[in-house]
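Asks: The structure is given below, and queries will be raised subsequently.
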Amino acid sequence: MAEAYIVGAVRTPVGTRKGALAAVHPADLGAHVLKELVTRTGVDPSAVEDVIMGCVSQVGPQALDIARTAWLSAGLPETVPGVTIDRQCGSSQQAVHFAAQGVMSGTQDLVVASGVENMGMVPMGSNARFALDHGLSLFGDGWAERYGSQEISQFRGAQLMAEKWGYRREDMERFALESHQRAARAVAEGRFDDQVAPLAGVTVDEGVRPDTTLEKMAGLKPLREGWDLTAAVASQVSVGAGAVLLASEAAVERHGLTPLARIVQLSLVGDDPVYMLTAPIPATRIALDKAGLSIDDIDVIEINEAFAPVPMSWIDELGADPAKVNPNGGAIALGHPLGATGAVLMTKLVNELHRSGGRYGLQTMCEGGGQANTTVIERV
C-alpha cells in the first residue's frame with residue numbers, strides 16, 4: 001500500500017455565531033482556505049484530483065455541493081472536481097480519510113480534504129427542518145421498532161454520559177475552565193499564528209474566554225431542569241473552515257512538496273446511537289491496535305470537546321495522560337464549526353506535533369448516529 005502524506009494544512013480563525021465571520025458566505029469561507037492551501041504549499045492547483053469537503057447542514061448557502069462552489073469561488077481551475085460529504089461532526093475528518101485512502105490505494109496522487117460550516121448563517125439542524133415543518137419523522141418505522149420513541153439528541157447523549165461515568169457539574173466545569181486556560185495560553189504565545197489564515201479582520205479564534213471562572217460557570221442555568229449540563233461545558237456554535245492537502249510519495253517528489261506528517265492509521269466505528277457520543281473510545285482502541293501502538297506512544301491528542309463528558313470519559317477509559325489531550329484547548333473554548341472541525345483539528349494536530357517535537361498524533365471525534373473517526377499520524 002502506498003504512503004499518504006499531509007503536505008499542507010491551514011484553517012480560518014474559528015468565529016463565534018455573531019462574530020465577524022458570521023457574515024461571510026460559506027463558499028467564500030471554504031474558498032479562503034483552499035486558496036491559502038494552494039499558495040502555502042506551492043502546488044499546481046490543476047494537479048489536484050479531487051476536493052472533498054465536509055459540511056453538515058447542506059442547505060441554503062451551504063447546498064449544491066459546496067466543495068465545488070468553494071473551489072471555483074477561489075478562482076481555481078475548473079478541471080478539478082469537488083464532492084461534499086456528511087458524517088455529522090466528523091465530516092471533514094472523514095474527508096481526510098477518503099483523501100488518504102485515495103492516495104494509499106494508488107488511484108490518486110493529490111487530494112484536498114476540507115470542511116466548512118457557518119453556523120451563524122445556517123443554524124444547526126437547518127437540513128432537518130423540512131421534515132419537522134412538514135410533520136414528518138426524522139426516523140422511519142424500522143428505527144422506531146428498534147429504538148422506540150425515546151429522544152435522540154447530542155444533548156441527551158451527553159447527559160447520559162455524565163450520569164454513566166459519574167461526572168458532576170463541578171467536574172465538567174473544571175474541565176471546561178482548563179480548556180479556556182489552555183486556549184488562552186496558546187493564543188497569547190502565538191501557537192496558532194502559522195496555521196491560521198486571517199479573514200474579515202479576524203486573526204485569532206473568537207470564542208476563547210481568558211477571564212472566565214468557575215464562579216461564572218456556576219451561575220449558568222442547566223440546559224434542562226435536573227441536568228448537570230450547561231452551556232459552559234458544551235462546544236460553542238461557530239463559524240470556520242479548514243483544508244488539508246494529501247499527497248503520494250510520487251507527488252511529493254514531482255511537485256517539490258514538503259511532507260509534514262505520514263498517515264499511519266484510519267479507523268471508524270459505530271456505537272450506541274442513543275448515547276451517541278461514546279464511539280471515540282472503541283474507535284481509538286481499534287486504531288491503536290491496528291497501528292501496533294499504545295496510548296502512551298501518542299504524543300499529541302486532539303479529541304473534539306463536543307461536551308465535556310466526551311473527552312473526560314475517553315481519558316478515563318483509555319488511560320491517557322490529560323496533559324497530552326487538547327494541549328492548546330478544545331472546542332469548549334475554541335468552538336466547533338461542525339463540518340469544518342475535523343480539518344481544523346487536523347491542522348492543529350500537525351502544527352502542535354512540529355511545535356512540540358512529538359512523533360505520533362491522534363485525532364478522534366464523536367459524531368451523530370453514534371459514530372467516530374480516529375486518525376493516527378506520524379510527524380515527518
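Numbering starts fresh at 1 for the residues of each chain in the C-alpha cells, the chains themselves are lettered A, B, ... in the order given, and ligands are numbered from 1 as they appear.
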With segment 89-93 of chain A as the partner and 12 Å as the cut-off, tabulate the residues of segment 182-274 of chain A that qualify, each row holding the nearest pair of atoms and their distance in Å to one decimal, using only C-alpha atoms, sorted by chain and rising number, as a tab-separated table.
Replies:
```
residue	atom	partner	partner_atom	distance
A:Ser235	CA	A:Cys89	CA	11.5
A:Gly240	CA	A:Ser92	CA	11.9
A:Ala241	CA	A:Ser92	CA	9.6
A:Gly242	CA	A:Ser92	CA	8.4
A:Ala243	CA	A:Ser92	CA	8.7
A:Val244	CA	A:Ser92	CA	9.5
A:Leu266	CA	A:Gln93	CA	9.9
A:Ser267	CA	A:Gln93	CA	10.8
A:Leu268	CA	A:Gly90	CA	10.3
A:Val269	CA	A:Gly90	CA	11.9
```
Asks: Determine which residues of segment 136-348 of chain A DSSP labels as helix (DSSP H, G or I) from the backbone of this structure, then write them out as a ChimeraX atom specification.
Replies: /A:141-147,154-165,169-188,214-218,231-233,249-255,280-291,295-297,309-318,322-324,331-334,338-348
Asks: With C-alpha atoms retained, write the just-selected residues as a JSON list (two decimals), in the first residue's frame.
Replies:
```json
[["chain", "number", "residue", "atom", "x", "y", "z"],
["A", 141, "ASP", "CA", -40.56, 2.77, 11.04],
["A", 142, "GLY", "CA", -37.54, 0.49, 11.32],
["A", 143, "TRP", "CA", -35.82, 2.93, 13.64],
["A", 144, "ALA", "CA", -38.95, 3.24, 15.77],
["A", 145, "GLU", "CA", -39.17, -0.54, 16.07],
["A", 146, "ARG", "CA", -35.57, -0.74, 17.20],
["A", 147, "TYR", "CA", -35.20, 2.32, 19.44],
["A", 154, "GLN", "CA", -26.50, 15.05, 21.37],
["A", 155, "PHE", "CA", -27.67, 16.90, 24.48],
["A", 156, "ARG", "CA", -29.37, 13.87, 25.99],
["A", 157, "GLY", "CA", -26.43, 11.71, 24.96],
["A", 158, "ALA", "CA", -24.01, 13.98, 26.80],
["A", 159, "GLN", "CA", -26.19, 13.98, 29.91],
["A", 160, "LEU", "CA", -26.44, 10.19, 29.80],
["A", 161, "MET", "CA", -22.65, 10.01, 29.59],
["A", 162, "ALA", "CA", -22.22, 12.31, 32.57],
["A", 163, "GLU", "CA", -24.55, 10.07, 34.56],
["A", 164, "LYS", "CA", -22.91, 6.82, 33.42],
["A", 165, "TRP", "CA", -19.39, 7.96, 34.29],
["A", 169, "ARG", "CA", -21.42, 19.54, 37.14],
["A", 170, "GLU", "CA", -18.40, 20.80, 39.06],
["A", 171, "ASP", "CA", -16.16, 18.15, 37.47],
["A", 172, "MET", "CA", -17.19, 19.21, 33.98],
["A", 173, "GLU", "CA", -16.81, 22.90, 34.77],
["A", 174, "ARG", "CA", -13.25, 22.35, 35.95],
["A", 175, "PHE", "CA", -12.52, 20.59, 32.66],
["A", 176, "ALA", "CA", -14.10, 23.46, 30.71],
["A", 177, "LEU", "CA", -12.08, 26.04, 32.63],
["A", 178, "GLU", "CA", -8.88, 24.19, 31.78],
["A", 179, "SER", "CA", -9.87, 24.24, 28.10],
["A", 180, "HIS", "CA", -10.22, 28.03, 28.15],
["A", 181, "GLN", "CA", -6.97, 28.47, 30.06],
["A", 182, "ARG", "CA", -5.03, 26.30, 27.63],
["A", 183, "ALA", "CA", -6.56, 28.06, 24.64],
["A", 184, "ALA", "CA", -5.83, 31.50, 26.09],
["A", 185, "ARG", "CA", -2.21, 30.50, 26.67],
["A", 186, "ALA", "CA", -1.92, 29.17, 23.12],
["A", 187, "VAL", "CA", -3.30, 32.41, 21.67],
["A", 188, "ALA", "CA", -1.06, 34.56, 23.88],
["A", 214, "LEU", "CA", -15.72, 28.57, 37.97],
["A", 215, "GLU", "CA", -17.89, 31.13, 39.74],
["A", 216, "LYS", "CA", -19.19, 32.48, 36.42],
["A", 217, "MET", "CA", -19.88, 28.96, 35.17],
["A", 218, "ALA", "CA", -21.73, 28.08, 38.36],
["A", 231, "ALA", "CA", -23.60, 25.90, 28.01],
["A", 232, "ALA", "CA", -20.25, 26.25, 29.79],
["A", 233, "VAL", "CA", -19.41, 22.57, 29.35],
["A", 249, "GLU", "CA", 5.33, 9.96, -2.42],
["A", 250, "ALA", "CA", 5.46, 10.38, -6.19],
["A", 251, "ALA", "CA", 3.51, 13.66, -5.98],
["A", 252, "VAL", "CA", 5.79, 14.92, -3.23],
["A", 253, "GLU", "CA", 8.80, 14.42, -5.49],
["A", 254, "ARG", "CA", 7.12, 15.60, -8.68],
["A", 255, "HIS", "CA", 5.79, 18.85, -7.20],
["A", 280, "PRO", "CA", -14.33, 7.66, 20.17],
["A", 281, "ILE", "CA", -13.48, 5.16, 22.90],
["A", 282, "PRO", "CA", -13.78, 1.95, 20.81],
["A", 283, "ALA", "CA", -12.60, 3.75, 17.66],
["A", 284, "THR", "CA", -9.36, 4.73, 19.38],
["A", 285, "ARG", "CA", -8.80, 1.22, 20.71],
["A", 286, "ILE", "CA", -9.21, -0.20, 17.21],
["A", 287, "ALA", "CA", -6.87, 2.40, 15.68],
["A", 288, "LEU", "CA", -4.13, 1.85, 18.25],
["A", 289, "ASP", "CA", -4.38, -1.92, 17.92],
["A", 290, "LYS", "CA", -4.14, -1.82, 14.12],
["A", 291, "ALA", "CA", -1.25, 0.65, 14.30],
["A", 295, "ILE", "CA", -1.86, 5.22, 24.15],
["A", 296, "ASP", "CA", 1.48, 6.04, 25.79],
["A", 297, "ASP", "CA", 3.12, 6.14, 22.35],
["A", 309, "PRO", "CA", -18.06, 14.20, 29.24],
["A", 310, "VAL", "CA", -16.76, 13.09, 25.82],
["A", 311, "PRO", "CA", -13.03, 13.77, 26.38],
["A", 312, "MET", "CA", -13.33, 13.12, 30.12],
["A", 313, "SER", "CA", -14.66, 9.60, 29.64],
["A", 314, "TRP", "CA", -12.21, 8.98, 26.80],
["A", 315, "ILE", "CA", -9.28, 9.92, 29.05],
["A", 316, "ASP", "CA", -10.57, 7.70, 31.83],
["A", 317, "GLU", "CA", -11.26, 4.70, 29.61],
["A", 318, "LEU", "CA", -8.03, 4.90, 27.58],
["A", 322, "PRO", "CA", -4.53, 14.54, 30.32],
["A", 323, "ALA", "CA", -1.59, 16.83, 29.56],
["A", 324, "LYS", "CA", -1.38, 15.36, 26.04],
["A", 331, "ALA", "CA", -13.96, 23.12, 21.24],
["A", 332, "ILE", "CA", -15.38, 24.28, 24.59],
["A", 333, "ALA", "CA", -13.06, 27.27, 24.28],
["A", 334, "LEU", "CA", -12.18, 27.37, 20.59],
["A", 338, "LEU", "CA", -19.46, 21.19, 12.69],
["A", 339, "GLY", "CA", -18.35, 20.11, 9.21],
["A", 340, "ALA", "CA", -15.12, 22.10, 9.43],
["A", 341, "THR", "CA", -13.92, 20.83, 12.79],
["A", 342, "GLY", "CA", -12.19, 17.68, 11.54],
["A", 343, "ALA", "CA", -9.93, 19.65, 9.21],
["A", 344, "VAL", "CA", -9.41, 22.33, 11.85],
["A", 345, "LEU", "CA", -8.33, 19.75, 14.44],
["A", 346, "MET", "CA", -6.00, 18.04, 11.96],
["A", 347, "THR", "CA", -4.39, 21.38, 11.23],
["A", 348, "LYS", "CA", -3.90, 21.94, 14.95]]
```
Asks: Mind checking which residues fall within 9 Å of Gln195 of chain A, counting only C-alpha atoms, ignoring those fewer than 6 positions away in the same chain, and posting them as a list of chain:residue names?
Replies: A:Ala9, A:Val10, A:Arg11, A:Thr12, A:Thr347, A:Lys348, A:Asn351
Asks: Near Val274 of chain A, within 8 Å and counting only C-alpha atoms, which residues show up once chain neighbours fewer than 4 positions away are dropped, as a list of chain:residue names?
Replies: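 Selected residues are A:Glu151, A:Ile152, A:Ser153, A:Gly157, A:Gly369, A:Gly370.
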Asks: Quick check, in Å to one decimal: how far apart do atom CA of Gly42 of chain A and atom CA of Gly8 of chain A lie?
Replies: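 The value is 9.7 Å.
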Asks: Which one is closest to Val33 of chain A: A:Gln363, A:Ser238, A:Asn328, A:Ser114? Count only C-alpha atoms.
Replies: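 So, comparing all the options, the nearest one is A:Ser114.
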Asks: Give the answer as one residue: which of A:Cys55, A:Ile263, A:Leu110, A:Ala27 has the shortest atom-to-atom distance to Ser73 of chain A, using only C-alpha atoms?
Replies: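 Closest to Ser73 of chain A of all the choices is A:Ala27.
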Asks: Between A:Val204, A:Val96, A:Val80, A:Ala279, which one has atoms that come closest to Thr16 of chain A, using only C-alpha atoms?
Replies: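 Under the stated criterion, the closest residue is A:Val204.
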Asks: Choose the residue, out of A:Val239, A:Ala197, A:Pro123, A:Leu223, that has the smallest atom-to-atom separation from His25 of chain A; count only C-alpha atoms.
Replies: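 Ranked by minimum distance to His25 of chain A, first place goes to A:Val239.
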Asks: Can you pull out the residues contacting segment 107-109 of chain A? Cut-off 10 Å, using only C-alpha atoms, and skip same-chain residues under 3 positions away; I want them as an NGL selection string.
Replies: :A and (2 or 4 or 47-50 or 99-104 or 246-252)
Asks: Any chance you could export the current selection's C-alpha atoms as an mmCIF file, in the first residue's frame?
Replies:
```
data_model
loop_
_atom_site.group_PDB
_atom_site.id
_atom_site.type_symbol
_atom_site.label_atom_id
_atom_site.label_comp_id
_atom_site.auth_asym_id
_atom_site.auth_seq_id
_atom_site.Cartn_x
_atom_site.Cartn_y
_atom_site.Cartn_z
ATOM 1 C CA ALA A 2 1.288 3.451 -0.908
ATOM 2 C CA ALA A 4 -0.079 9.160 2.119
ATOM 3 C CA ALA A 47 -2.779 18.742 -10.478
ATOM 4 C CA VAL A 48 -5.295 18.301 -7.648
ATOM 5 C CA GLU A 49 -7.524 15.340 -8.473
ATOM 6 C CA ASP A 50 -10.438 15.978 -6.114
ATOM 7 C CA ALA A 99 -8.432 11.614 0.589
ATOM 8 C CA ALA A 100 -5.778 9.496 2.287
ATOM 9 C CA GLN A 101 -7.431 6.295 1.097
ATOM 10 C CA GLY A 102 -7.443 7.576 -2.473
ATOM 11 C CA VAL A 103 -3.712 8.191 -2.227
ATOM 12 C CA MET A 104 -2.924 4.967 -0.349
ATOM 13 C CA LEU A 246 -2.791 14.802 0.962
ATOM 14 C CA ALA A 247 -0.088 13.609 -1.424
ATOM 15 C CA SER A 248 1.576 10.398 -2.565
ATOM 16 C CA GLU A 249 5.330 9.957 -2.423
ATOM 17 C CA ALA A 250 5.460 10.380 -6.189
ATOM 18 C CA ALA A 251 3.512 13.656 -5.984
ATOM 19 C CA VAL A 252 5.791 14.920 -3.227
#
```
Asks: Considering only C-alpha atoms, return as a ChimeraX atom specification whatever protein or nucleic-acid residues lie within 10 Å of Val202 of chain A, sequence-local ones (same chain, fewer than 3 positions apart) excluded.
Replies: /A:12-15,19-21,196-199,205-206
Asks: Include C-alpha atoms and write out the residues we just selected as a PDB file, in the first residue's frame.
Replies:
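Saved the output as again_32.pdb:
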```pdb
ATOM      1  CA  THR A  12      -9.524  30.127   9.336  1.00  0.00           C
ATOM      2  CA  PRO A  13      -9.804  31.525  12.818  1.00  0.00           C
ATOM      3  CA  VAL A  14     -12.872  29.931  14.383  1.00  0.00           C
ATOM      4  CA  GLY A  15     -15.507  32.626  14.717  1.00  0.00           C
ATOM      5  CA  GLY A  19     -18.812  37.433  15.235  1.00  0.00           C
ATOM      6  CA  ALA A  20     -17.226  38.976  12.164  1.00  0.00           C
ATOM      7  CA  LEU A  21     -17.046  35.708  10.221  1.00  0.00           C
ATOM      8  CA  VAL A 196      -4.403  30.463  10.717  1.00  0.00           C
ATOM      9  CA  ALA A 197      -5.302  32.385   7.569  1.00  0.00           C
ATOM     10  CA  PRO A 198      -6.880  35.641   8.844  1.00  0.00           C
ATOM     11  CA  LEU A 199     -10.191  36.608   7.303  1.00  0.00           C
ATOM     12  CA  ASP A 205     -10.178  32.375  17.436  1.00  0.00           C
ATOM     13  CA  GLU A 206     -13.054  34.447  18.799  1.00  0.00           C
TER      14      GLU A 206
END
```
Asks: Skipping near chain neighbours, those fewer than 6 positions away, what residues fall within 7 Å of Glu378 of chain A using only C-alpha atoms, listed as a ChimeraX atom specification?
Replies: /A:261-264,359-361
Asks: Would you put the residues from that selection into a file with N, CA and C atoms, as a tab-separated table (two decimals), in the first residue's frame?
Replies:
```tsv
chain	number	residue	atom	x	y	z
A	261	ALA	N	3.48	15.21	7.76
A	261	ALA	CA	3.11	14.04	8.54
A	261	ALA	C	2.74	12.90	7.61
A	262	ARG	N	2.90	11.68	8.13
A	262	ARG	CA	2.52	10.48	7.39
A	262	ARG	C	1.27	9.88	8.02
A	263	ILE	N	0.35	9.45	7.19
A	263	ILE	CA	-0.85	8.78	7.71
A	263	ILE	C	-0.46	7.38	8.17
A	264	VAL	N	-0.75	7.07	9.43
A	264	VAL	CA	-0.40	5.77	10.00
A	264	VAL	C	-1.61	4.84	10.02
A	359	ARG	N	6.27	12.68	18.10
A	359	ARG	CA	6.33	11.79	16.95
A	359	ARG	C	4.94	11.41	16.43
A	360	TYR	N	4.09	10.89	17.32
A	360	TYR	CA	2.77	10.41	16.91
A	360	TYR	C	1.66	11.33	17.41
A	361	GLY	N	0.68	11.54	16.55
A	361	GLY	CA	-0.50	12.31	16.92
A	361	GLY	C	-1.75	11.49	16.65
```
Asks: Between A:Thr213, A:Asn304, A:Asn373, A:Thr203, single out the one closest to Gln265 of chain A, counting only C-alpha atoms.
Replies: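 For Gln265 of chain A, the nearest of the candidates is A:Asn373.
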Asks: Under the rule that only C-alpha atoms are counted, which of A:Met276, A:Ala372, A:Leu362, A:Ala67 is the nearest residue to Asp299 of chain A?
Replies: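 Residue with the minimum atom-to-atom distance to Asp299 of chain A: A:Leu362.
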Asks: Using DSSP on the backbone coordinates, identify the residues of segment 103-135 of chain A assigned to strand (DSSP E or B); present them as a PyMOL selection string.
Replies: chain A and resi 110-118
Asks: Please produce an output containing C-alpha atoms for each residue in the selection, written as a compact mmCIF listing (two decimals), in the first residue's frame.
Replies:
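What follows is the written file out-v5.txt:
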```txt
# COMPACT_ATOMS: atom_id res chain seq x y z
CA LEU A 110 -3.08 14.78 -4.82
CA VAL A 111 -6.36 15.23 -2.96
CA VAL A 112 -7.66 18.10 -0.86
CA ALA A 113 -9.61 17.26 2.30
CA SER A 114 -11.51 20.20 3.72
CA GLY A 115 -14.51 21.34 5.69
CA VAL A 116 -16.72 24.37 6.15
CA GLU A 117 -19.63 25.45 8.33
CA ASN A 118 -21.17 28.85 9.02
```
